[in-house]
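Text of the file work.txt, holding compact mmCIF, C-alpha atoms:
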# COMPACT_ATOMS: atom_id res chain seq x y z
CA MET A 260 0.00 0.00 0.00
CA THR A 261 1.13 3.57 -0.61
CA THR A 262 0.24 6.98 0.65
CA THR A 263 0.83 10.38 -0.85
CA VAL A 264 3.50 12.72 0.47
CA ALA A 265 2.53 16.39 0.61
CA SER A 266 4.59 18.25 -1.97
CA PRO A 267 2.13 19.49 -4.60
CA PRO A 268 3.29 19.77 -8.20
CA ALA A 269 1.91 22.39 -10.51
CA GLY A 270 -1.48 21.14 -11.53
CA ALA A 271 -3.07 18.24 -9.76
CA VAL A 272 -2.30 14.94 -8.08
CA PRO A 273 1.22 14.37 -6.73
CA VAL A 274 2.93 11.14 -7.66
CA SER A 275 5.46 10.92 -4.83
CA VAL A 276 4.50 8.02 -2.57
CA ARG A 277 5.96 6.05 0.32
CA PRO A 278 5.18 2.64 1.81
CA ARG A 279 2.54 2.55 4.49
CA ALA A 280 4.05 2.39 7.99
CA GLY A 281 2.32 0.34 10.66
CA ALA A 282 -1.26 -0.82 10.73
CA ALA A 283 -3.05 2.32 11.87
CA PRO A 284 -6.58 2.71 10.46
CA ARG A 285 -6.44 5.11 7.54
CA LEU A 286 -9.03 7.88 7.27
CA GLY A 287 -9.21 10.00 4.13
CA ILE A 288 -10.90 13.40 4.31
CA ILE A 289 -12.05 15.14 1.14
CA GLY A 290 -11.56 18.84 1.85
CA ALA A 291 -8.91 20.67 3.86
CA GLY A 292 -10.57 23.61 5.64
CA GLN A 293 -11.18 24.09 9.35
CA LEU A 294 -13.78 21.33 9.54
CA ALA A 295 -11.31 18.84 8.08
CA ARG A 296 -8.65 20.14 10.45
CA MET A 297 -10.76 19.59 13.58
CA THR A 298 -11.90 16.20 12.31
CA ALA A 299 -8.29 15.24 11.67
CA GLN A 300 -7.31 16.34 15.18
CA ALA A 301 -9.95 14.04 16.65
CA ALA A 302 -8.91 11.17 14.39
CA LEU A 303 -5.23 11.54 15.29
CA GLN A 304 -6.19 11.33 18.95
CA LEU A 305 -7.78 7.96 18.20
CA GLY A 306 -4.67 6.68 16.44
CA CYS A 307 -5.79 7.10 12.85
CA GLU A 308 -3.50 7.83 9.94
CA ILE A 309 -4.88 10.86 8.10
CA SER A 310 -4.88 11.63 4.39
CA ILE A 311 -6.28 14.87 3.00
CA LEU A 312 -7.54 15.78 -0.47
CA ALA A 313 -6.87 19.51 -0.77
CA ASN A 314 -6.76 22.26 -3.34
CA ALA A 315 -3.52 23.77 -2.03
CA ALA A 316 -0.87 23.06 0.61
CA GLU A 317 -1.69 26.14 2.68
CA GLU A 318 -5.19 24.94 3.56
CA PRO A 319 -5.68 24.44 7.33
CA ALA A 320 -5.89 20.63 7.51
CA CYS A 321 -2.71 20.07 5.49
CA ALA A 322 -0.57 21.10 8.47
CA LEU A 323 -1.64 17.93 10.30
CA THR A 324 -0.45 15.33 7.81
CA ARG A 325 2.32 14.55 5.35
CA ARG A 326 -0.20 12.55 3.31
CA ALA A 327 -2.01 15.08 1.15
CA THR A 328 -3.26 14.83 -2.40
CA PHE A 329 -3.78 18.02 -4.38
CA GLY A 330 -6.44 18.36 -7.03
CA SER A 331 -10.16 18.76 -7.64
CA ALA A 332 -12.61 16.91 -5.43
CA ASN A 333 -14.96 16.75 -8.41
CA ASP A 334 -12.48 14.94 -10.66
CA ALA A 335 -13.27 11.21 -10.50
CA ALA A 336 -9.71 10.07 -11.29
CA THR A 337 -8.25 12.27 -8.56
CA VAL A 338 -10.78 11.17 -5.97
CA LEU A 339 -10.45 7.47 -6.82
CA ALA A 340 -6.64 7.60 -6.63
CA PHE A 341 -6.91 9.30 -3.25
CA ALA A 342 -9.57 6.92 -1.94
CA ARG A 343 -7.65 3.78 -2.86
CA GLU A 344 -4.92 4.73 -0.37
CA VAL A 345 -7.20 4.76 2.71
CA ASP A 346 -9.61 2.50 4.54
CA VAL A 347 -12.51 4.93 4.89
CA VAL A 348 -13.34 8.17 3.08
CA THR A 349 -15.36 11.01 4.61
CA LEU A 350 -16.18 14.58 3.56
CA GLU A 351 -15.63 18.05 4.92
CA ASN A 352 -18.51 19.46 2.89
CA GLU A 353 -21.42 18.47 0.68
CA PHE A 354 -20.14 20.09 -2.50
CA VAL A 355 -18.47 16.99 -3.96
CA ASP A 356 -20.45 15.67 -6.89
CA ALA A 357 -22.49 12.65 -5.82
CA GLY A 358 -21.72 10.92 -9.12
CA VAL A 359 -18.00 11.01 -8.33
CA LEU A 360 -18.71 9.60 -4.88
CA ALA A 361 -20.77 6.80 -6.42
CA GLU A 362 -17.67 5.77 -8.37
CA VAL A 363 -15.77 5.51 -5.07
CA GLU A 364 -18.42 3.18 -3.69
CA ALA A 365 -18.50 1.18 -6.93
CA ALA A 366 -14.76 0.58 -6.49
CA GLY A 367 -15.51 -1.11 -3.15
CA ILE A 368 -14.16 1.70 -0.97
CA ALA A 369 -15.94 2.59 2.27
CA LEU A 370 -17.46 6.08 2.02
CA HIS A 371 -19.44 7.73 4.83
CA PRO A 372 -21.77 9.48 4.45
CA GLY A 373 -22.56 7.61 1.25
CA ALA A 374 -23.14 8.90 -2.25
CA ARG A 375 -26.92 8.48 -1.97
CA SER A 376 -27.01 10.47 1.26
CA ILE A 377 -24.96 13.28 -0.29
CA ALA A 378 -27.18 13.29 -3.38
CA LEU A 379 -30.27 13.69 -1.21
CA VAL A 380 -28.76 16.61 0.71
CA GLN A 381 -26.55 18.61 -1.65
CA ASP A 382 -29.47 19.74 -3.82
CA LYS A 383 -31.53 21.63 -1.26
CA PHE A 384 -34.73 21.38 -3.27
CA VAL A 385 -34.34 17.59 -3.37
CA GLN A 386 -33.51 17.66 0.35
CA LYS A 387 -36.62 19.66 1.21
CA SER A 388 -38.79 17.49 -1.04
CA LEU A 389 -37.60 14.35 0.72
CA LEU A 390 -38.20 15.82 4.17
CA ALA A 391 -41.69 16.93 3.18
CA SER A 392 -42.44 13.45 1.81
CA GLN A 393 -41.52 12.03 5.23
CA GLY A 394 -43.95 14.36 7.00
CA ILE A 395 -41.15 16.54 8.40
CA ALA A 396 -42.30 20.15 8.60
CA THR A 397 -40.37 22.76 6.58
CA PRO A 398 -41.22 26.25 5.29
CA ALA A 399 -43.32 26.09 2.11
CA PHE A 400 -41.14 25.91 -1.02
CA ARG A 401 -41.28 25.35 -4.76
CA ALA A 402 -38.85 25.14 -7.68
CA VAL A 403 -38.85 28.12 -10.04
CA THR A 404 -37.38 28.40 -13.51
CA THR A 405 -38.43 31.91 -14.61
CA PRO A 406 -38.94 35.34 -13.03
CA ALA A 407 -42.69 34.93 -13.61
CA GLU A 408 -42.72 31.72 -11.57
CA LEU A 409 -40.82 33.51 -8.81
CA ALA A 410 -43.39 36.31 -8.77
CA ASP A 411 -46.21 33.74 -8.70
CA ALA A 412 -44.59 32.05 -5.69
CA GLY A 413 -44.35 35.38 -3.89
CA ARG A 414 -48.04 35.98 -4.41
CA ALA A 415 -48.90 32.44 -3.30
CA PHE A 416 -46.69 32.38 -0.20
CA GLY A 417 -47.01 36.06 0.67
CA TRP A 418 -44.06 38.44 0.70
CA PRO A 419 -41.28 38.31 1.77
CA VAL A 420 -39.85 35.14 0.25
CA VAL A 421 -36.32 33.78 0.00
CA LEU A 422 -34.75 32.82 -3.32
CA LYS A 423 -32.07 30.14 -2.90
CA THR A 424 -29.64 28.32 -5.14
CA ARG A 425 -30.29 24.59 -5.08
CA ARG A 426 -26.61 23.75 -4.70
CA ASN A 427 -23.42 25.14 -3.13
CA GLY A 428 -24.99 27.79 -0.90
CA TYR A 429 -23.59 28.46 2.58
CA ASP A 430 -23.18 31.34 5.06
CA GLY A 431 -25.81 33.32 3.19
CA LYS A 432 -24.11 32.88 -0.18
CA GLY A 433 -26.71 31.94 -2.74
CA ASN A 434 -29.64 33.34 -0.72
CA LEU A 435 -31.63 36.51 -1.37
CA THR A 436 -34.64 37.85 0.53
CA LEU A 437 -37.29 39.49 -1.65
CA ARG A 438 -39.55 41.95 0.16
CA GLY A 439 -41.95 42.40 -2.72
CA PRO A 440 -42.54 41.91 -6.47
CA GLU A 441 -40.31 44.87 -7.30
CA ALA A 442 -37.30 42.80 -6.19
CA VAL A 443 -37.93 39.93 -8.62
CA ALA A 444 -35.94 41.23 -11.59
CA ASP A 445 -32.78 42.03 -9.61
CA ALA A 446 -32.96 38.78 -7.64
CA TRP A 447 -33.34 36.74 -10.82
CA ALA A 448 -30.43 38.57 -12.43
CA ALA A 449 -28.28 37.71 -9.40
CA LEU A 450 -29.23 34.06 -8.86
CA GLY A 451 -31.47 32.88 -11.67
CA GLY A 452 -28.58 31.50 -13.70
CA ALA A 453 -27.04 29.53 -10.83
CA PRO A 454 -25.76 26.07 -11.84
CA GLY A 455 -28.29 23.50 -10.71
CA GLY A 456 -31.15 25.99 -10.60
CA VAL A 457 -32.96 27.83 -7.83
CA TYR A 458 -36.00 27.46 -5.65
CA VAL A 459 -38.11 29.82 -3.58
CA GLU A 460 -39.07 29.43 0.05
CA GLN A 461 -41.69 31.07 2.23
CA TRP A 462 -40.27 33.46 4.80
CA CYS A 463 -40.49 32.00 8.30
CA PRO A 464 -41.31 34.56 11.05
CA PHE A 465 -39.24 32.71 13.63
CA VAL A 466 -38.57 33.64 17.23
CA ALA A 467 -35.44 31.49 17.45
CA GLU A 468 -33.04 29.67 15.17
CA VAL A 469 -31.90 26.41 16.72
CA ALA A 470 -29.66 23.53 15.71
CA VAL A 471 -28.83 19.99 16.71
CA ILE A 472 -25.84 17.81 15.90
CA VAL A 473 -26.98 14.24 15.23
CA THR A 474 -24.35 11.51 14.90
CA ARG A 475 -25.59 8.31 13.27
CA ALA A 476 -23.49 5.15 13.23
CA ARG A 477 -23.22 2.64 10.42
CA ASN A 478 -25.61 0.33 12.30
CA GLY A 479 -28.26 3.05 12.59
CA GLU A 480 -27.57 3.98 16.22
CA CYS A 481 -27.99 7.73 16.84
CA VAL A 482 -26.69 10.03 19.52
CA LEU A 483 -27.90 13.63 19.79
CA TYR A 484 -26.14 16.66 21.19
CA PRO A 485 -28.02 19.34 23.13
CA VAL A 486 -30.36 21.62 21.21
CA VAL A 487 -28.57 24.96 20.81
CA GLU A 488 -29.66 28.44 19.82
CA THR A 489 -27.75 30.08 16.98
CA VAL A 490 -27.48 33.83 16.51
CA GLN A 491 -26.86 34.95 12.92
CA ARG A 492 -25.33 38.18 11.64
CA ASP A 493 -25.32 38.84 7.89
CA HIS A 494 -26.33 35.19 7.34
CA ILE A 495 -23.20 33.96 9.18
CA CYS A 496 -23.43 32.15 12.49
CA HIS A 497 -22.07 34.57 15.08
CA ARG A 498 -22.84 32.84 18.36
CA VAL A 499 -24.04 29.45 19.61
CA LEU A 500 -25.67 29.06 23.04
CA ALA A 501 -25.83 25.60 24.59
CA PRO A 502 -28.34 24.52 25.64
CA ALA A 503 -31.05 26.58 23.96
CA ALA A 504 -33.33 28.42 26.36
CA LEU A 505 -36.46 26.53 25.29
CA PRO A 506 -38.98 24.59 27.37
CA ALA A 507 -38.01 20.95 27.81
CA LEU A 508 -40.91 19.68 25.70
CA GLN A 509 -39.98 21.98 22.83
CA ARG A 510 -36.33 20.90 22.99
CA ALA A 511 -37.49 17.30 22.80
CA GLU A 512 -39.59 18.09 19.72
CA VAL A 513 -36.64 19.80 18.04
CA ALA A 514 -34.37 16.83 18.79
CA ALA A 515 -36.91 14.32 17.48
CA LEU A 516 -37.32 16.22 14.20
CA ALA A 517 -33.55 16.50 13.77
CA GLU A 518 -33.09 12.76 14.24
CA ARG A 519 -35.91 11.99 11.79
CA ALA A 520 -34.27 14.25 9.19
CA VAL A 521 -30.89 12.52 9.45
CA ARG A 522 -32.49 9.08 9.31
CA ALA A 523 -34.49 10.15 6.26
CA VAL A 524 -31.31 10.80 4.27
CA GLU A 525 -29.60 7.67 5.62
CA GLY A 526 -26.82 9.75 7.11
CA VAL A 527 -23.69 8.25 8.69
CA GLY A 528 -21.47 10.53 10.76
CA SER A 529 -22.17 13.86 12.43
CA PHE A 530 -24.83 15.95 10.69
CA GLY A 531 -25.86 19.51 11.50
CA VAL A 532 -29.61 20.14 11.44
CA GLU A 533 -30.85 23.74 11.51
CA LEU A 534 -34.44 24.51 12.50
CA PHE A 535 -36.78 27.44 13.10
CA VAL A 536 -39.02 27.94 16.12
CA SER A 537 -41.94 29.94 14.71
CA ARG A 538 -44.05 32.53 16.50
CA ASP A 539 -46.88 30.05 16.94
CA GLY A 540 -44.54 27.45 18.49
CA ALA A 541 -44.23 25.27 15.39
CA ILE A 542 -40.86 23.66 14.67
CA LEU A 543 -39.69 23.70 11.04
CA VAL A 544 -36.54 22.14 9.60
CA ASN A 545 -34.57 24.77 7.70
CA GLU A 546 -31.84 22.55 6.28
CA LEU A 547 -29.34 19.89 7.18
CA ALA A 548 -25.65 19.50 6.41
CA PRO A 549 -24.09 16.04 5.94
CA ARG A 550 -20.99 16.83 7.96
CA VAL A 551 -19.67 18.27 11.18
CA HIS A 552 -21.13 21.72 11.61
CA ASN A 553 -20.33 25.18 12.94
CA SER A 554 -23.16 24.93 15.46
CA GLY A 555 -21.34 21.99 17.09
CA HIS A 556 -17.88 23.46 17.61
CA TYR A 557 -18.66 24.05 21.28
CA THR A 558 -18.75 20.26 21.78
CA ILE A 559 -14.94 20.04 21.71
CA GLU A 560 -14.68 21.39 25.24
CA ALA A 561 -18.29 21.29 26.41
CA CYS A 562 -19.18 17.63 25.80
CA ALA A 563 -17.73 14.32 26.87
CA CYS A 564 -17.18 13.35 23.22
CA SER A 565 -17.07 16.07 20.57
CA GLN A 566 -19.01 16.07 17.29
CA PHE A 567 -15.65 15.54 15.54
CA GLU A 568 -14.64 12.50 17.58
CA ASN A 569 -18.10 10.98 17.23
CA HIS A 570 -17.97 11.61 13.48
CA VAL A 571 -14.72 9.65 13.29
CA ARG A 572 -16.14 6.90 15.48
CA ALA A 573 -19.26 6.66 13.30
CA VAL A 574 -17.56 6.53 9.90
CA MET A 575 -14.92 4.07 11.14
CA GLY A 576 -17.61 1.77 12.57
CA TRP A 577 -16.59 2.28 16.21
CA PRO A 578 -18.88 2.74 19.26
CA LEU A 579 -20.28 6.24 19.70
CA GLY A 580 -19.34 8.38 22.69
CA SER A 581 -21.38 10.30 25.22
CA THR A 582 -22.82 13.68 24.20
CA ALA A 583 -23.36 14.82 27.80
CA MET A 584 -22.23 18.35 28.65
CA ARG A 585 -19.36 18.71 31.11
CA MET A 586 -20.74 21.96 32.56
CA PRO A 587 -24.27 23.41 32.58
CA ALA A 588 -23.67 25.96 29.82
CA ALA A 589 -21.38 26.80 26.91
CA VAL A 590 -21.25 29.66 24.41
CA MET A 591 -19.25 29.69 21.19
CA VAL A 592 -18.43 32.86 19.25
CA ASN A 593 -17.07 32.72 15.70
CA LEU A 594 -13.99 34.84 15.04
CA LEU A 595 -14.26 36.54 11.66
CA GLY A 596 -11.64 38.45 9.75
CA ALA A 597 -11.92 42.20 10.23
CA ALA A 598 -9.84 43.08 7.18
CA ALA A 599 -7.39 41.68 4.67
CA GLY A 600 -4.09 40.72 6.23
CA GLU A 601 -2.07 37.91 7.72
CA GLY A 602 -3.89 34.98 9.29
CA ALA A 603 -2.26 35.17 12.73
CA PRO A 604 -4.46 36.88 15.36
CA ALA A 605 -3.73 39.94 17.45
CA GLY A 606 -4.87 39.79 21.09
CA ARG A 607 -4.21 36.11 21.74
CA GLU A 608 -2.71 36.56 25.21
CA ALA A 609 -5.59 38.70 26.46
CA ALA A 610 -8.13 36.18 25.19
CA LEU A 611 -6.33 33.30 26.86
CA ALA A 612 -6.50 35.11 30.20
CA VAL A 613 -10.30 34.80 30.31
CA PRO A 614 -11.23 31.88 32.61
CA GLU A 615 -12.93 28.73 31.28
CA THR A 616 -12.43 29.97 27.72
CA HIS A 617 -10.82 28.08 24.85
CA LEU A 618 -9.36 29.65 21.72
CA HIS A 619 -9.24 27.89 18.34
CA VAL A 620 -7.23 29.45 15.50
CA TYR A 621 -7.80 27.68 12.19
CA GLY A 622 -4.38 28.31 10.68
CA LYS A 623 -5.55 30.11 7.56
CA ARG A 624 -2.66 31.96 5.96
CA LEU A 625 -4.63 35.07 5.08
CA SER A 626 -7.49 36.96 6.69
CA ALA A 627 -10.33 38.57 4.75
CA ARG A 628 -13.26 40.58 5.99
CA GLY A 629 -15.99 38.19 7.17
CA ARG A 630 -13.85 35.06 6.72
CA LYS A 631 -14.10 32.46 9.49
CA MET A 632 -10.67 32.47 11.10
CA GLY A 633 -11.32 30.75 14.42
CA HIS A 634 -13.68 30.54 17.36
CA VAL A 635 -13.78 30.77 21.14
CA THR A 636 -15.82 28.58 23.43
CA ALA A 637 -16.50 29.50 27.05
CA LEU A 638 -18.00 27.26 29.71
CA GLY A 639 -19.93 28.37 32.75
CA PRO A 640 -22.47 27.53 35.44
CA ASP A 641 -25.15 29.33 33.37
CA LEU A 642 -25.60 30.87 29.94
CA ASP A 643 -25.09 34.46 31.10
CA THR A 644 -21.70 33.66 32.61
CA ALA A 645 -20.60 31.61 29.62
CA ARG A 646 -21.76 34.35 27.23
CA GLN A 647 -19.89 37.07 29.10
CA ARG A 648 -16.69 35.00 29.07
CA ALA A 649 -16.96 34.11 25.40
CA GLU A 650 -17.71 37.65 24.28
CA ARG A 651 -14.94 39.08 26.46
CA ALA A 652 -12.39 36.70 24.91
CA ALA A 653 -13.70 37.22 21.37
CA ALA A 654 -13.44 40.99 21.77
CA CYS A 655 -9.70 40.59 22.42
CA ILE A 656 -9.01 38.85 19.11
CA ARG A 657 -8.57 40.57 15.78
CA PHE A 658 -7.66 39.02 12.44
CA GLY A 659 -6.44 41.34 9.74
CA ALA A 660 -4.84 43.70 12.25
CA GLU A 661 -1.17 43.80 13.12
CA ALA A 662 -0.40 40.39 14.59
CA GLU A 663 1.42 39.65 17.81
CA PRO A 664 5.23 39.63 17.65

Using the file provided, produce a representation of the structure as structure tokens.
Amino acid sequence: MTTTVASPPAGAVPVSVRPRAGAAPRLGIIGAGQLARMTAQAALQLGCEISILANAAEEPACALTRRATFGSANDAATVLAFAREVDVVTLENEFVDAGVLAEVEAAGIALHPGARSIALVQDKFVQKSLLASQGIATPAFRAVTTPAELADAGRAFGWPVVLKTRRNGYDGKGNLTLRGPEAVADAWAALGGAPGGVYVEQWCPFVAEVAVIVTRARNGECVLYPVVETVQRDHICHRVLAPAALPALQRAEVAALAERAVRAVEGVGSFGVELFVSRDGAILVNELAPRVHNSGHYTIEACACSQFENHVRAVMGWPLGSTAMRMPAAVMVNLLGAAAGEGAPAGREAALAVPETHLHVYGKRLSARGRKMGHVTALGPDLDTARQRAERAAACIRFGAEAEP
């Protein structure tokens, strides 16, 4: 057996290889951003050998392994060559073409979540249609192919509505809110030509946005993390509060819907499920992601077994760990780039002085305004204390400013 040594040539897949050392289980991760990095950290702790399929050597996860392949995750030859060097393949994101992943499975290589699961999730209109067919409540939605159909949907649902790309949308990218029919032309000009098409969704007048990490094992066993509240700014998750301040019965309803959604798509691994709590108390599934998720970063310090470790356990076929919280409350704050500049943060020492607070820097070489550069998680005896600690530490950190010496 061989593995790839990280020294990317110009172009695509490196050819330099070395013999496999030892008998460590080999986990291949498609993608090399911060989610792959934190997954790799958990896998290394469990004694796995990590291989990464990346676009470039400076991506965050590449620092954790000498076994990196460089090339497109949507090129079947590249992915198959990468997958043949590992025991199990998993994904950092849902943007890999499901047809390419089906070729991996056809070659007899273990892939989790599987190609069918990714196909059901990566097209959000297909995802929503499946959930609706299973009786799982979502905001009303319909596919649209012309500006006239978009205007018809607005009249049918009532304004405002949200126009969304069916594929490759995240952190607000690929989403536009239309307040009335006068916005149709501009919205269609912006998104109407998106690859894979678009769909329109009824606006949900929610009182809270909540999320649940569900980890499902190969044998169908599920463990659920606490229901959390997410606070969004400019369509980017700014803060996560664990547990969500909802009545116990409502939290149980949220958790049950999240588990049903993951089972519906036959997920394996940690999945993020985002939901709305509406003004009338109804719970609606917004969307789910077939991977570890930003809303679960707090689990690294706050839970007995993090979403990342449980993801590794699930895809490798190992027993799942406890999702119990170590302290009554945790708050995570995302650290976004303030400006263009170097990726090292200013204010690290001040942030580290805040008690019961943990700093994660993702190792991105460059900062950009709004780019996710790291996060802080604070623990506490209650949400107010944890929030104060997290926000105090986050206020110390700046990416894109002059870094520490």

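Omitting Arg477 of chain A and its sequence neighbours fewer than 3 positions away, and counting only C-alpha atoms, the residues within 8 Å are Glu480, Val527, Ala573, Val574 and Gly576 of chain A.
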
Contacts of Gly606 of chain A within 7 Å, all atoms listed in the file, excl. fewer than 5 positions in-chain, as a ChimeraX atom specification
/A:655-657

Considering all atoms listed in the file, return as a PyMOL selection string whatever protein or nucleic-acid residues lie within 8 Å of Val380 of chain A, sequence-local ones (same chain, fewer than 4 positions apart) excluded.
chain A and resi 353+376+385-386+524+547-549

Resulting file, chosen residues, C-alpha atoms, as a PDB file, in the frame of the given file:
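Below you can see result.pdb, which holds the result:
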ATOM      1  CA  GLU A 353     -21.420  18.470   0.680  1.00  0.00           C
ATOM      2  CA  SER A 376     -27.010  10.470   1.260  1.00  0.00           C
ATOM      3  CA  VAL A 385     -34.340  17.590  -3.370  1.00  0.00           C
ATOM      4  CA  GLN A 386     -33.510  17.660   0.350  1.00  0.00           C
ATOM      5  CA  VAL A 524     -31.310  10.800   4.270  1.00  0.00           C
ATOM      6  CA  LEU A 547     -29.340  19.890   7.180  1.00  0.00           C
ATOM      7  CA  ALA A 548     -25.650  19.500   6.410  1.00  0.00           C
ATOM      8  CA  PRO A 549     -24.090  16.040   5.940  1.00  0.00           C
TER       9      PRO A 549
END

What's the separation between atom CA of His619 of chain A and atom CA of Glu533 of chain A, in Å to one decimal place?
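So the answer is 23.0 Å.
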
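Counting all atoms listed in the file, the residue from A:Glu468, A:Arg401, A:Leu625, A:Glu488 that sits nearest to Gly456 of chain A is A:Arg401.
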
Atom CA of Thr644 of chain A and atom CA of Gly555 of chain A are how many Å apart?
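So the two atoms, atom CA of Thr644 of chain A and atom CA of Gly555 of chain A, lie 19.4 Å apart.
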
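Note that atom CA of Arg522 of chain A and atom CA of Asp539 of chain A are 26.6 Å apart.
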
Would you mind telling me which residue in A:Trp577, A:Tyr429, A:Trp418, A:Phe535 lies nearest to Asn478 of chain A when using only C-alpha atoms?
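With only C-alpha atoms as the atom set, the closest residue is A:Trp577.
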
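Of the residues under consideration (A:Glu351, A:Glu364, A:Glu525, A:Asp356), A:Glu351 shows the shortest atom-to-atom contact distance to Ile311 of chain A when counting only C-alpha atoms.
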
Ranking A:Ala627, A:Leu508, A:Met586, A:Ala610 by minimum distance to Gly639 of chain A and counting only C-alpha atoms, which one comes first?
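Residue with the minimum atom-to-atom distance to Gly639 of chain A: A:Met586.
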
Do you know which residues are at most 12 Å from segment 447-450 of chain A counting only C-alpha atoms, after dropping those on the same chain fewer than 2 positions away, and could you put them as a VMD selection string?
chain A and resid 403 to 410 421 to 426 428 432 to 437 440 to 445 452 to 459

Could you list, as a VMD selection string, every residue within 12 Å of Arg475 of chain A, counting all atoms listed in the file and ignoring same-chain residues fewer than 2 positions away?
chain A and resid 371 to 372 472 to 473 477 to 484 517 to 531 549 to 551 566 569 to 580

Neighbours of point (-23.5, 37.2, 12.2) within 10 Å, using all atoms listed in the file, written as a VMD selection string
chain A and resid 430 489 to 498 592 to 593 595 629

My list of candidates is A:Leu312, A:Ala335, A:Leu350, A:Ala342. Which is closest to Gly367 of chain A when distances are computed with all atoms listed in the file?
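Distance minimum relative to Gly367 of chain A lands on A:Ala342.
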